[in-house]
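Visitor: Pasting entry34.csv here (CSV, C-alpha atoms):
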```csv
chain,number,residue,atom,x,y,z
Y,53,MET,CA,13.8,21.9,15.9
Y,54,ILE,CA,16.5,22.0,13.2
Y,55,HIS,CA,16.1,18.3,12.6
Y,56,ASP,CA,12.3,18.4,11.8
Y,57,MET,CA,13.0,18.2,8.1
Y,58,ASN,CA,15.6,15.4,8.3
Y,59,PRO,CA,14.2,12.7,6.1
Y,60,ILE,CA,16.2,9.9,7.9
Y,61,LEU,CA,14.8,10.9,11.3
Y,62,GLN,CA,11.3,11.2,9.8
Y,63,SER,CA,11.6,7.7,8.4
Y,64,LEU,CA,12.8,6.3,11.7
Y,65,LYS,CA,10.1,8.1,13.6
Y,66,THR,CA,7.2,7.0,11.4
Y,67,ARG,CA,8.0,3.3,11.1
Y,68,ARG,CA,5.0,1.4,12.4
Y,69,SER,CA,4.1,-2.3,12.8
Y,70,CYS,CA,1.8,-3.4,9.9
Y,71,ARG,CA,-0.8,-6.1,10.8
Y,72,LYS,CA,-2.7,-6.4,7.4
Y,73,TYR,CA,-1.0,-7.1,4.1
Y,74,LYS,CA,-1.8,-7.4,0.4
Y,75,PRO,CA,-1.2,-10.9,-0.9
Y,76,GLU,CA,1.1,-9.8,-3.7
Y,77,GLN,CA,4.8,-10.6,-3.3
Y,78,ILE,CA,7.3,-7.8,-2.8
Y,79,THR,CA,10.0,-7.2,-5.5
Y,80,ARG,CA,13.4,-8.7,-5.3
Y,81,GLU,CA,14.9,-5.2,-5.2
Y,82,GLU,CA,12.9,-4.3,-2.2
Y,83,LEU,CA,13.8,-7.6,-0.5
Y,84,ASP,CA,17.5,-7.2,-1.2
Y,85,ALA,CA,17.5,-3.6,0.0
Y,86,VAL,CA,16.0,-4.7,3.3
Y,87,LEU,CA,18.4,-7.6,3.8
Y,88,GLU,CA,21.4,-5.6,3.0
Y,89,ILE,CA,20.6,-3.2,5.8
Y,90,GLY,CA,20.1,-6.1,8.1
Y,91,THR,CA,23.7,-7.2,7.4
Y,92,TYR,CA,25.0,-3.8,8.4
Y,93,ALA,CA,23.5,-3.8,11.8
Y,94,PRO,CA,26.0,-3.3,14.6
Y,95,THR,CA,27.3,-6.5,16.2
Y,96,GLY,CA,29.6,-6.9,19.3
Y,97,HIS,CA,33.2,-6.7,18.1
Y,98,GLY,CA,32.0,-6.7,14.5
Y,99,THR,CA,31.4,-10.5,14.7
Y,100,GLN,CA,28.4,-10.4,12.3
Y,101,SER,CA,27.1,-13.3,14.5
Y,102,PRO,CA,23.4,-13.5,13.4
Y,103,GLN,CA,22.0,-15.2,10.3
Y,104,MET,CA,18.8,-14.5,8.3
Y,105,VAL,CA,16.7,-17.0,6.5
Y,106,VAL,CA,14.4,-15.6,3.8
Y,107,VAL,CA,11.1,-17.4,3.1
Y,108,GLN,CA,9.0,-16.4,0.1
Y,109,ASP,CA,7.7,-19.8,-1.0
Y,110,LYS,CA,4.0,-19.9,-0.2
Y,111,GLU,CA,3.9,-23.4,1.1
Y,112,LEU,CA,6.9,-23.0,3.4
Y,113,ARG,CA,5.6,-19.6,4.5
Y,114,ASP,CA,2.3,-21.1,5.4
Y,115,ARG,CA,4.0,-24.0,7.3
Y,116,LEU,CA,6.0,-21.5,9.4
Y,117,SER,CA,2.8,-19.6,10.1
Y,118,VAL,CA,1.2,-22.7,11.4
Y,119,MET,CA,4.3,-23.5,13.5
Y,120,ASN,CA,4.3,-20.0,14.9
Y,121,ALA,CA,0.6,-20.1,15.7
Y,122,ALA,CA,1.0,-23.4,17.4
Y,123,VAL,CA,3.4,-21.9,20.0
Y,124,MET,CA,0.5,-19.9,21.3
Y,125,ASN,CA,-2.1,-22.6,20.7
Y,126,ALA,CA,-3.7,-20.5,18.0
Y,127,THR,CA,-4.7,-21.1,14.4
Y,128,LYS,CA,-5.0,-17.6,12.9
Y,129,ASP,CA,-2.1,-16.5,10.7
Y,130,PRO,CA,0.3,-14.7,13.0
Y,131,PHE,CA,2.0,-13.2,10.0
Y,132,TYR,CA,-1.1,-11.1,9.1
Y,133,GLY,CA,-1.1,-12.3,5.5
Y,134,ALA,CA,2.5,-11.0,4.8
Y,135,PRO,CA,4.0,-13.0,1.9
Y,136,THR,CA,7.6,-12.7,3.0
Y,137,ALA,CA,9.2,-13.8,6.2
Y,138,ILE,CA,12.8,-13.2,7.3
Y,139,ILE,CA,13.8,-15.4,10.3
Y,140,VAL,CA,16.6,-13.9,12.3
Y,141,PHE,CA,18.8,-16.4,14.2
Y,142,TYR,CA,21.4,-15.5,16.9
Y,143,ASP,CA,24.4,-17.3,18.1
Y,144,SER,CA,23.6,-18.6,21.6
Y,145,SER,CA,27.3,-19.5,22.2
Y,146,ILE,CA,28.4,-15.9,22.5
Y,147,GLY,CA,27.4,-13.3,25.2
Y,148,ASN,CA,26.3,-10.6,22.7
Y,149,GLY,CA,24.5,-13.0,20.4
Y,150,PHE,CA,20.9,-12.1,21.3
Y,151,ALA,CA,21.5,-8.4,21.3
Y,152,ASP,CA,23.3,-8.8,17.9
Y,153,GLY,CA,20.2,-10.5,16.5
Y,154,CYS,CA,18.0,-7.8,17.9
Y,155,MET,CA,20.1,-5.1,16.1
Y,156,VAL,CA,19.5,-7.0,12.8
Y,157,MET,CA,15.8,-7.1,13.5
Y,158,GLY,CA,15.6,-3.4,14.2
Y,159,ASN,CA,17.5,-2.6,11.0
Y,160,LEU,CA,15.2,-4.8,8.9
Y,161,LEU,CA,12.2,-3.0,10.2
Y,162,ASN,CA,13.6,0.4,9.6
Y,163,ALA,CA,14.8,-0.5,6.1
Y,164,ALA,CA,11.4,-1.9,5.2
Y,165,HIS,CA,9.8,1.4,6.0
Y,166,ALA,CA,12.5,3.2,4.1
Y,167,VAL,CA,11.5,1.4,0.9
Y,168,GLY,CA,7.8,1.7,1.6
Y,169,LEU,CA,7.1,-1.8,2.8
Y,170,GLY,CA,5.0,-2.8,5.7
Y,171,SER,CA,6.7,-4.9,8.3
Y,172,CYS,CA,6.1,-6.4,11.7
Y,173,TYR,CA,8.3,-8.0,14.5
Y,174,ILE,CA,6.9,-11.4,15.1
Y,175,ASN,CA,7.8,-13.3,18.3
Y,176,ARG,CA,8.0,-17.0,19.1
Y,177,ALA,CA,10.9,-17.8,16.8
Y,178,ARG,CA,12.8,-19.3,19.7
Y,179,GLU,CA,10.2,-21.8,20.5
Y,180,MET,CA,9.5,-22.6,16.8
Y,181,PHE,CA,13.1,-23.5,16.1
Y,182,ASP,CA,13.8,-25.3,19.3
Y,183,SER,CA,11.1,-27.8,18.3
Y,184,PRO,CA,12.0,-31.0,16.4
Y,185,GLU,CA,10.3,-29.6,13.3
Y,186,GLY,CA,12.2,-26.4,13.6
Y,187,GLU,CA,15.5,-28.1,14.2
Y,188,GLU,CA,14.9,-30.1,11.0
Y,189,LEU,CA,14.3,-27.0,9.0
Y,190,LYS,CA,17.5,-25.4,10.5
Y,191,ALA,CA,19.5,-28.4,9.5
Y,192,ALA,CA,18.1,-28.3,6.0
Y,193,TRP,CA,19.1,-24.6,5.7
Y,194,GLY,CA,22.6,-25.3,7.0
Y,195,ILE,CA,22.0,-23.3,10.2
Y,196,ALA,CA,24.2,-24.6,13.1
Y,197,PRO,CA,22.6,-26.0,16.3
Y,198,GLN,CA,23.7,-23.2,18.5
Y,199,MET,CA,21.9,-20.7,16.3
Y,200,LYS,CA,18.5,-19.9,18.0
Y,201,GLY,CA,15.5,-17.9,16.8
Y,202,VAL,CA,15.4,-14.2,17.7
Y,203,ALA,CA,12.2,-13.2,15.9
Y,204,ILE,CA,10.7,-13.0,12.4
Y,205,CYS,CA,10.4,-9.9,10.3
Y,206,VAL,CA,7.4,-10.2,8.0
Y,207,LEU,CA,7.3,-8.0,4.9
Y,208,GLY,CA,4.7,-7.0,2.4
Y,209,TYR,CA,2.6,-4.2,1.0
Y,210,ASP,CA,0.5,-2.5,3.7
Y,211,ASN,CA,-3.2,-3.1,3.2
Y,212,GLY,CA,-4.6,-0.7,5.8
Y,213,GLY,CA,-2.6,-2.5,8.6
Y,214,THR,CA,-0.8,0.4,10.3
Y,215,PHE,CA,-2.0,2.9,12.8
Y,216,PRO,CA,-0.6,6.2,14.2
Y,217,ALA,CA,1.7,5.9,17.2
Y,218,LYS,CA,0.3,6.4,20.6
Y,219,PRO,CA,1.8,9.3,22.7
Y,220,ARG,CA,5.2,8.3,24.2
Y,221,LYS,CA,5.2,7.7,27.9
Y,222,ALA,CA,6.2,10.6,30.2
Y,223,ASP,CA,9.2,8.9,31.9
Y,224,TYR,CA,10.7,7.4,28.8
Y,225,VAL,CA,13.7,9.7,29.2
Y,226,ILE,CA,15.3,10.8,32.4
Y,227,TYR,CA,17.9,13.6,32.5
Y,228,ALA,CA,20.4,12.7,35.2
D,238,MET,CA,19.6,-1.2,-7.8
D,239,ILE,CA,16.7,1.3,-7.6
D,240,HIS,CA,17.4,1.9,-4.0
D,241,ASP,CA,21.0,2.9,-4.3
D,242,MET,CA,20.1,6.6,-4.0
D,243,ASN,CA,17.7,6.2,-1.1
D,244,PRO,CA,19.1,8.5,1.6
D,245,ILE,CA,17.6,6.6,4.4
D,246,LEU,CA,19.1,3.3,3.3
D,247,GLN,CA,22.4,5.0,2.8
D,248,SER,CA,22.3,6.4,6.3
D,249,LEU,CA,21.4,3.0,7.8
D,250,LYS,CA,24.1,1.3,5.8
D,251,THR,CA,26.9,3.8,6.7
D,252,ARG,CA,26.4,4.0,10.4
D,253,ARG,CA,29.6,2.9,12.2
D,254,SER,CA,30.8,2.6,15.7
D,255,CYS,CA,32.9,5.6,16.7
D,256,ARG,CA,35.8,4.9,19.1
D,257,LYS,CA,37.4,8.4,19.4
D,258,TYR,CA,35.5,11.6,20.2
D,259,LYS,CA,36.2,15.3,20.5
D,260,PRO,CA,35.7,16.6,24.0
D,261,GLU,CA,33.1,19.3,23.1
D,262,GLN,CA,29.6,18.6,24.1
D,263,ILE,CA,26.8,17.9,21.5
D,264,THR,CA,24.0,20.4,21.1
D,265,ARG,CA,20.7,20.0,22.9
D,266,GLU,CA,18.9,19.8,19.5
D,267,GLU,CA,21.1,16.8,18.4
D,268,LEU,CA,20.6,15.1,21.8
D,269,ASP,CA,16.8,15.6,21.7
D,270,ALA,CA,16.6,14.4,18.1
D,271,VAL,CA,18.4,11.1,19.0
D,272,LEU,CA,16.3,10.6,22.1
D,273,GLU,CA,13.1,11.1,20.3
D,274,ILE,CA,13.9,8.3,17.8
D,275,GLY,CA,14.8,6.1,20.7
D,276,THR,CA,11.2,6.5,22.1
D,277,TYR,CA,9.7,5.5,18.7
D,278,ALA,CA,11.5,2.1,18.6
D,279,PRO,CA,9.2,-0.8,18.3
D,280,THR,CA,8.2,-2.6,21.6
D,281,GLY,CA,6.2,-5.7,22.1
D,282,HIS,CA,2.5,-4.9,22.2
D,283,GLY,CA,3.5,-1.2,22.2
D,284,THR,CA,4.3,-1.3,25.9
D,285,GLN,CA,7.2,1.3,25.6
D,286,SER,CA,8.8,-0.8,28.3
D,287,PRO,CA,12.4,0.6,28.3
D,288,GLN,CA,13.7,3.8,29.9
D,289,MET,CA,16.7,6.0,29.0
D,290,VAL,CA,18.9,8.0,31.4
D,291,VAL,CA,20.9,10.8,29.8
D,292,VAL,CA,24.2,11.8,31.4
D,293,GLN,CA,26.1,14.9,30.2
D,294,ASP,CA,27.5,16.1,33.5
D,295,LYS,CA,31.3,15.6,33.3
D,296,GLU,CA,31.7,14.3,36.8
D,297,LEU,CA,28.9,11.7,36.6
D,298,ARG,CA,29.9,10.7,33.1
D,299,ASP,CA,33.4,10.0,34.4
D,300,ARG,CA,32.1,8.1,37.3
D,301,LEU,CA,30.0,5.9,35.0
D,302,SER,CA,33.1,5.3,32.8
D,303,VAL,CA,35.1,4.1,35.9
D,304,MET,CA,32.2,1.8,36.9
D,305,ASN,CA,32.0,0.4,33.4
D,306,ALA,CA,35.8,-0.1,33.1
D,307,ALA,CA,35.8,-1.8,36.6
D,308,VAL,CA,33.4,-4.6,35.2
D,309,MET,CA,36.3,-5.7,33.0
D,310,ASN,CA,39.0,-4.9,35.5
D,311,ALA,CA,40.3,-2.0,33.3
D,312,THR,CA,41.0,1.6,33.9
D,313,LYS,CA,41.0,3.1,30.3
D,314,ASP,CA,37.9,5.1,29.4
D,315,PRO,CA,35.5,2.6,27.8
D,316,PHE,CA,33.4,5.5,26.4
D,317,TYR,CA,36.3,6.6,24.2
D,318,GLY,CA,36.1,10.2,25.3
D,319,ALA,CA,32.5,10.7,24.3
D,320,PRO,CA,30.9,13.5,26.4
D,321,THR,CA,27.3,12.1,26.4
D,322,ALA,CA,26.1,8.7,27.6
D,323,ILE,CA,22.5,7.4,27.3
D,324,ILE,CA,21.9,4.4,29.5
D,325,VAL,CA,19.1,2.1,28.2
D,326,PHE,CA,17.3,0.1,30.8
D,327,TYR,CA,14.9,-2.8,30.2
D,328,ASP,CA,12.0,-4.2,32.2
D,329,SER,CA,13.2,-7.6,33.4
D,330,SER,CA,9.7,-8.5,34.5
D,331,ILE,CA,8.3,-8.9,31.0
D,332,GLY,CA,9.3,-11.5,28.3
D,333,ASN,CA,10.0,-8.9,25.6
D,334,GLY,CA,11.9,-6.5,27.9
D,335,PHE,CA,15.4,-7.1,26.7
D,336,ALA,CA,14.5,-7.1,23.0
D,337,ASP,CA,12.5,-3.9,23.5
D,338,GLY,CA,15.6,-2.3,25.1
D,339,CYS,CA,17.7,-3.5,22.2
D,340,MET,CA,15.3,-1.9,19.7
D,341,VAL,CA,15.8,1.4,21.5
D,342,MET,CA,19.6,1.0,21.4
D,343,GLY,CA,19.5,0.4,17.7
D,344,ASN,CA,17.3,3.4,17.0
D,345,LEU,CA,19.6,5.6,19.1
D,346,LEU,CA,22.6,4.6,17.0
D,347,ASN,CA,20.9,5.0,13.7
D,348,ALA,CA,19.5,8.4,14.7
D,349,ALA,CA,22.9,9.6,15.9
D,350,HIS,CA,24.3,8.9,12.5
D,351,ALA,CA,21.4,10.6,10.9
D,352,VAL,CA,22.2,13.9,12.6
D,353,GLY,CA,26.0,13.5,12.0
D,354,LEU,CA,27.0,12.3,15.5
D,355,GLY,CA,29.4,9.6,16.3
D,356,SER,CA,28.0,6.8,18.6
D,357,CYS,CA,29.0,3.5,20.0
D,358,TYR,CA,27.2,0.6,21.7
D,359,ILE,CA,28.9,0.1,25.0
D,360,ASN,CA,28.3,-3.2,26.9
D,361,ARG,CA,28.5,-4.0,30.7
D,362,ALA,CA,25.5,-1.9,31.7
D,363,ARG,CA,23.8,-4.9,33.3
D,364,GLU,CA,26.7,-5.5,35.6
D,365,MET,CA,27.2,-1.8,36.3
D,366,PHE,CA,23.6,-1.3,37.5
D,367,ASP,CA,23.3,-4.6,39.3
D,368,SER,CA,26.1,-3.4,41.6
D,369,PRO,CA,25.3,-1.6,44.9
D,370,GLU,CA,26.7,1.6,43.4
D,371,GLY,CA,24.5,1.2,40.3
D,372,GLU,CA,21.4,0.3,42.3
D,373,GLU,CA,21.9,3.5,44.3
D,374,LEU,CA,22.2,5.6,41.1
D,375,LYS,CA,19.0,3.9,39.7
D,376,ALA,CA,17.1,4.8,42.9
D,377,ALA,CA,18.3,8.4,42.7
D,378,TRP,CA,17.0,8.6,39.1
D,379,GLY,CA,13.7,7.0,40.0
D,380,ILE,CA,14.4,3.8,38.0
D,381,ALA,CA,12.4,0.8,39.4
D,382,PRO,CA,14.4,-2.2,40.7
D,383,GLN,CA,13.2,-4.6,37.9
D,384,MET,CA,14.7,-2.2,35.3
D,385,LYS,CA,18.1,-3.7,34.3
D,386,GLY,CA,20.9,-2.3,32.1
D,387,VAL,CA,20.8,-3.2,28.4
D,388,ALA,CA,23.7,-1.1,27.2
D,389,ILE,CA,25.0,2.5,26.9
D,390,CYS,CA,24.9,4.6,23.8
D,391,VAL,CA,27.7,7.1,23.9
D,392,LEU,CA,27.5,10.2,21.7
D,393,GLY,CA,29.8,12.9,20.5
D,394,TYR,CA,31.6,14.4,17.6
D,395,ASP,CA,33.7,11.9,15.7
D,396,ASN,CA,37.4,12.6,16.0
D,397,GLY,CA,38.8,10.1,13.5
D,398,GLY,CA,37.2,7.2,15.4
D,399,THR,CA,35.3,5.4,12.7
D,400,PHE,CA,36.5,3.0,10.1
D,401,PRO,CA,34.9,1.5,6.9
D,402,ALA,CA,32.9,-1.6,7.3
D,403,LYS,CA,34.5,-5.0,6.7
D,404,PRO,CA,33.0,-7.1,4.0
D,405,ARG,CA,29.8,-8.9,5.2
D,406,LYS,CA,30.1,-12.6,5.8
D,407,ALA,CA,29.0,-14.9,2.9
D,408,ASP,CA,26.4,-16.8,4.8
D,409,TYR,CA,24.6,-13.9,6.5
D,410,VAL,CA,21.5,-14.4,4.3
D,411,ILE,CA,20.2,-17.8,3.3
D,412,TYR,CA,17.3,-18.1,0.8
D,413,ALA,CA,15.1,-21.0,1.9
```
Would you mind writing the file's structure down as structure tokens?

Guide:
Amino acid sequence: MIHDMNPILQSLKTRRSCRKYKPEQITREELDAVLEIGTYAPTGHGTQSPQMVVVQDKELRDRLSVMNAAVMNATKDPFYGAPTAIIVFYDSSIGNGFADGCMVMGNLLNAAHAVGLGSCYINRAREMFDSPEGEELKAAWGIAPQMKGVAICVLGYDNGGTFPAKPRKADYVIYA
Amino acid sequence: MIHDMNPILQSLKTRRSCRKYKPEQITREELDAVLEIGTYAPTGHGTQSPQMVVVQDKELRDRLSVMNAAVMNATKDPFYGAPTAIIVFYDSSIGNGFADGCMVMGNLLNAAHAVGLGSCYINRAREMFDSPEGEELKAAWGIAPQMKGVAICVLGYDNGGTFPAKPRKADYVIYA
């Protein structure tokens, strides 16, 4: 394959979910590089409809972790120790809103890998921010009521938390 | 910024929607490189729940174009002349299905740019494949009934169909 040496394809192919992080915080340069790529994700008609909220304060990060765990009646840290959380919100008032938010999530994860960070797609953001506590946080951040949680991208330095990809399923691609 | 020269970030940042294509078909190597990256998109619990159907046959591609245009009562080619269409389907029976499908779409678009192809996210796949004609095509391709259309990634050689990104909105990122 002529594309085997393409560094961009290699990076996209080798991105993996990281489920164990070092406690030390990532650099501002790393964070900003990841966020910028999030803002360049494709959105329907170029509306740039999603929003991202970055949390690095330890106390707030821990509070979000507890809220996220509560959605599944758990107490273990669902952020796997990651020190940074980027909450992606989508505009529920437009048809493409959720897909737009997903495009941002995907770009954050790919950008994180590109700068050598571990990352993971964390669910339950919708439930977290539909709760009274979540609505309060949204209001404090200036996030409009119609903005709903897509997911959370957690970031940090990999601490042995990634594993090789399983083989891809046989019928993933069908040639019509 | 230390990451300004990172070729992966540069590629992710400069991907744009292409809305005018040359008629000539892309190579098999280009197609396969893009599809492979689609299969490595993150999926909830690693389920690999989406499926992709590749269409390069001119007659079938044109039929899909007509079906897609019909959803919006239009007749103009909504694929902008692109010779290849990858339909992404998601599993509507699982909670993460649609998001999984979106992750595949995002990876296809990013991979297309990485190999120098133009691409565009085309909507209305859900309506197309919920129609009797669409259900018939799905059955012929061996796609299960619970698989629903996410979107279509069209691919081809850019024929002056991309434009620079507009400035990003001021409140895209909020630091909590």

Visitor: With chain D as the partner and 6 Å as the cut-off, tabulate the residues of chain Y that qualify, each row holding the nearest pair of atoms and their distance in Å to one decimal, using all atoms listed in the file, sorted by chain and rising number, as JSON lines.

Guide:
```
{"residue": "Y:Ile60", "atom": "CA", "partner": "D:Ile245", "partner_atom": "CA", "distance": 5.0}
{"residue": "Y:Lys65", "atom": "CA", "partner": "D:Ile274", "partner_atom": "CA", "distance": 5.7}
{"residue": "Y:Ile89", "atom": "CA", "partner": "D:Lys250", "partner_atom": "CA", "distance": 5.7}
{"residue": "Y:Tyr92", "atom": "CA", "partner": "D:Lys250", "partner_atom": "CA", "distance": 5.8}
{"residue": "Y:Gln103", "atom": "CA", "partner": "D:Tyr409", "partner_atom": "CA", "distance": 4.8}
{"residue": "Y:Met104", "atom": "CA", "partner": "D:Val410", "partner_atom": "CA", "distance": 4.8}
{"residue": "Y:Val105", "atom": "CA", "partner": "D:Ile411", "partner_atom": "CA", "distance": 4.8}
{"residue": "Y:Val106", "atom": "CA", "partner": "D:Tyr412", "partner_atom": "CA", "distance": 4.9}
{"residue": "Y:Val107", "atom": "CA", "partner": "D:Ala413", "partner_atom": "CA", "distance": 5.5}
{"residue": "Y:Met155", "atom": "CA", "partner": "D:Gly343", "partner_atom": "CA", "distance": 5.8}
{"residue": "Y:Gly158", "atom": "CA", "partner": "D:Met340", "partner_atom": "CA", "distance": 5.7}
{"residue": "Y:Tyr224", "atom": "CA", "partner": "D:Gln288", "partner_atom": "CA", "distance": 4.8}
{"residue": "Y:Val225", "atom": "CA", "partner": "D:Met289", "partner_atom": "CA", "distance": 4.8}
{"residue": "Y:Ile226", "atom": "CA", "partner": "D:Val290", "partner_atom": "CA", "distance": 4.7}
{"residue": "Y:Tyr227", "atom": "CA", "partner": "D:Val291", "partner_atom": "CA", "distance": 4.9}
{"residue": "Y:Ala228", "atom": "CA", "partner": "D:Val292", "partner_atom": "CA", "distance": 5.4}
```

Visitor: Measuring between all atoms listed in the file, which one of Y:Ala222, Y:Ala177, Y:Ala134, Y:Ile146 shows the shortest distance to Lys110 in chain Y?

Guide: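 Among the listed residues, Y:Ala134 lies closest to Lys110 in chain Y.
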
Visitor: Would you mind reading off the distance between CA of Asn125 in chain Y and CA of Leu160 in chain Y, one decimal, in Å?

Guide: 27.5 Å

Visitor: In Å, rounded to a single decimal, give me how far CA of Ala376 in chain D is from CA of Tyr327 in chain D.

Guide: 15.0 Å

Visitor: One decimal, in Å: what's the spacing between CA of Tyr258 in chain D and CA of Ile389 in chain D?

Guide: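 Spanning CA of Tyr258 in chain D to CA of Ile389 in chain D is a straight-line distance of 15.4 Å.
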
Visitor: Smallest atom-to-atom distance to Ala196 in chain Y: which of Y:Ser144, Y:Ser183, Y:Thr136, Y:Gln77, using all atoms listed in the file?

Guide: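 Of Y:Ser144, Y:Ser183, Y:Thr136, Y:Gln77, the one nearest Ala196 in chain Y is Y:Ser144, counting all atoms listed in the file.
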
Visitor: Taking all atoms listed in the file into account, which of D:Met304, D:Met309, D:Leu392, D:Leu268 comes nearest Pro369 in chain D?

Guide: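 Smallest separation from Pro369 in chain D among the options: D:Met304.
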
Visitor: Need a file for range 171-193 of chain Y from that block: N, CA and C atoms, written as a PDB file, in the first residue's frame.

Guide:
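What follows is the written file result-v7.pdb:
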```pdb
ATOM      1  N   SER Y 171      -6.433   9.831  25.624  1.00  0.00           N
ATOM      2  CA  SER Y 171      -7.779  10.408  25.660  1.00  0.00           C
ATOM      3  C   SER Y 171      -8.807   9.304  25.726  1.00  0.00           C
ATOM      4  N   CYS Y 172     -10.017   9.669  26.120  1.00  0.00           N
ATOM      5  CA  CYS Y 172     -11.111   8.687  26.105  1.00  0.00           C
ATOM      6  C   CYS Y 172     -12.445   9.402  25.943  1.00  0.00           C
ATOM      7  N   TYR Y 173     -13.328   8.774  25.196  1.00  0.00           N
ATOM      8  CA  TYR Y 173     -14.704   9.256  24.985  1.00  0.00           C
ATOM      9  C   TYR Y 173     -15.521   8.773  26.177  1.00  0.00           C
ATOM     10  N   ILE Y 174     -16.021   9.705  26.963  1.00  0.00           N
ATOM     11  CA  ILE Y 174     -16.786   9.353  28.161  1.00  0.00           C
ATOM     12  C   ILE Y 174     -18.261   9.697  27.950  1.00  0.00           C
ATOM     13  N   ASN Y 175     -19.117   8.744  28.159  1.00  0.00           N
ATOM     14  CA  ASN Y 175     -20.556   8.939  27.969  1.00  0.00           C
ATOM     15  C   ASN Y 175     -21.236   9.595  29.180  1.00  0.00           C
ATOM     16  N   ARG Y 176     -22.547   9.689  29.107  1.00  0.00           N
ATOM     17  CA  ARG Y 176     -23.418  10.158  30.203  1.00  0.00           C
ATOM     18  C   ARG Y 176     -23.411  11.669  30.400  1.00  0.00           C
ATOM     19  N   ALA Y 177     -22.862  12.407  29.432  1.00  0.00           N
ATOM     20  CA  ALA Y 177     -22.871  13.874  29.538  1.00  0.00           C
ATOM     21  C   ALA Y 177     -24.296  14.406  29.422  1.00  0.00           C
ATOM     22  N   ARG Y 178     -25.101  13.776  28.608  1.00  0.00           N
ATOM     23  CA  ARG Y 178     -26.486  14.228  28.459  1.00  0.00           C
ATOM     24  C   ARG Y 178     -27.210  14.215  29.803  1.00  0.00           C
ATOM     25  N   GLU Y 179     -27.129  13.069  30.477  1.00  0.00           N
ATOM     26  CA  GLU Y 179     -27.813  12.924  31.764  1.00  0.00           C
ATOM     27  C   GLU Y 179     -27.226  13.885  32.805  1.00  0.00           C
ATOM     28  N   MET Y 180     -25.913  14.011  32.833  1.00  0.00           N
ATOM     29  CA  MET Y 180     -25.260  14.901  33.799  1.00  0.00           C
ATOM     30  C   MET Y 180     -25.785  16.323  33.706  1.00  0.00           C
ATOM     31  N   PHE Y 181     -25.893  16.810  32.469  1.00  0.00           N
ATOM     32  CA  PHE Y 181     -26.218  18.230  32.300  1.00  0.00           C
ATOM     33  C   PHE Y 181     -27.707  18.481  32.083  1.00  0.00           C
ATOM     34  N   ASP Y 182     -28.498  17.420  32.104  1.00  0.00           N
ATOM     35  CA  ASP Y 182     -29.953  17.583  32.171  1.00  0.00           C
ATOM     36  C   ASP Y 182     -30.415  17.603  33.631  1.00  0.00           C
ATOM     37  N   SER Y 183     -29.542  17.284  34.559  1.00  0.00           N
ATOM     38  CA  SER Y 183     -29.881  17.281  35.991  1.00  0.00           C
ATOM     39  C   SER Y 183     -29.881  18.722  36.515  1.00  0.00           C
ATOM     40  N   PRO Y 184     -30.574  18.982  37.613  1.00  0.00           N
ATOM     41  CA  PRO Y 184     -30.558  20.343  38.189  1.00  0.00           C
ATOM     42  C   PRO Y 184     -29.134  20.822  38.465  1.00  0.00           C
ATOM     43  N   GLU Y 185     -28.272  19.953  38.988  1.00  0.00           N
ATOM     44  CA  GLU Y 185     -26.888  20.356  39.266  1.00  0.00           C
ATOM     45  C   GLU Y 185     -26.162  20.716  37.960  1.00  0.00           C
ATOM     46  N   GLY Y 186     -26.400  19.912  36.934  1.00  0.00           N
ATOM     47  CA  GLY Y 186     -25.767  20.177  35.645  1.00  0.00           C
ATOM     48  C   GLY Y 186     -26.283  21.456  35.004  1.00  0.00           C
ATOM     49  N   GLU Y 187     -27.583  21.682  35.124  1.00  0.00           N
ATOM     50  CA  GLU Y 187     -28.172  22.912  34.551  1.00  0.00           C
ATOM     51  C   GLU Y 187     -27.585  24.149  35.238  1.00  0.00           C
ATOM     52  N   GLU Y 188     -27.329  24.017  36.524  1.00  0.00           N
ATOM     53  CA  GLU Y 188     -26.731  25.124  37.284  1.00  0.00           C
ATOM     54  C   GLU Y 188     -25.318  25.421  36.780  1.00  0.00           C
ATOM     55  N   LEU Y 189     -24.547  24.361  36.570  1.00  0.00           N
ATOM     56  CA  LEU Y 189     -23.187  24.538  36.056  1.00  0.00           C
ATOM     57  C   LEU Y 189     -23.222  25.192  34.678  1.00  0.00           C
ATOM     58  N   LYS Y 190     -24.105  24.677  33.814  1.00  0.00           N
ATOM     59  CA  LYS Y 190     -24.246  25.257  32.475  1.00  0.00           C
ATOM     60  C   LYS Y 190     -24.526  26.750  32.552  1.00  0.00           C
ATOM     61  N   ALA Y 191     -25.448  27.129  33.412  1.00  0.00           N
ATOM     62  CA  ALA Y 191     -25.809  28.551  33.551  1.00  0.00           C
ATOM     63  C   ALA Y 191     -24.601  29.360  34.013  1.00  0.00           C
ATOM     64  N   ALA Y 192     -23.848  28.799  34.942  1.00  0.00           N
ATOM     65  CA  ALA Y 192     -22.662  29.504  35.451  1.00  0.00           C
ATOM     66  C   ALA Y 192     -21.614  29.699  34.352  1.00  0.00           C
ATOM     67  N   TRP Y 193     -21.563  28.750  33.417  1.00  0.00           N
ATOM     68  CA  TRP Y 193     -20.595  28.831  32.321  1.00  0.00           C
ATOM     69  C   TRP Y 193     -21.119  29.664  31.147  1.00  0.00           C
TER      70      TRP Y 193
END
```
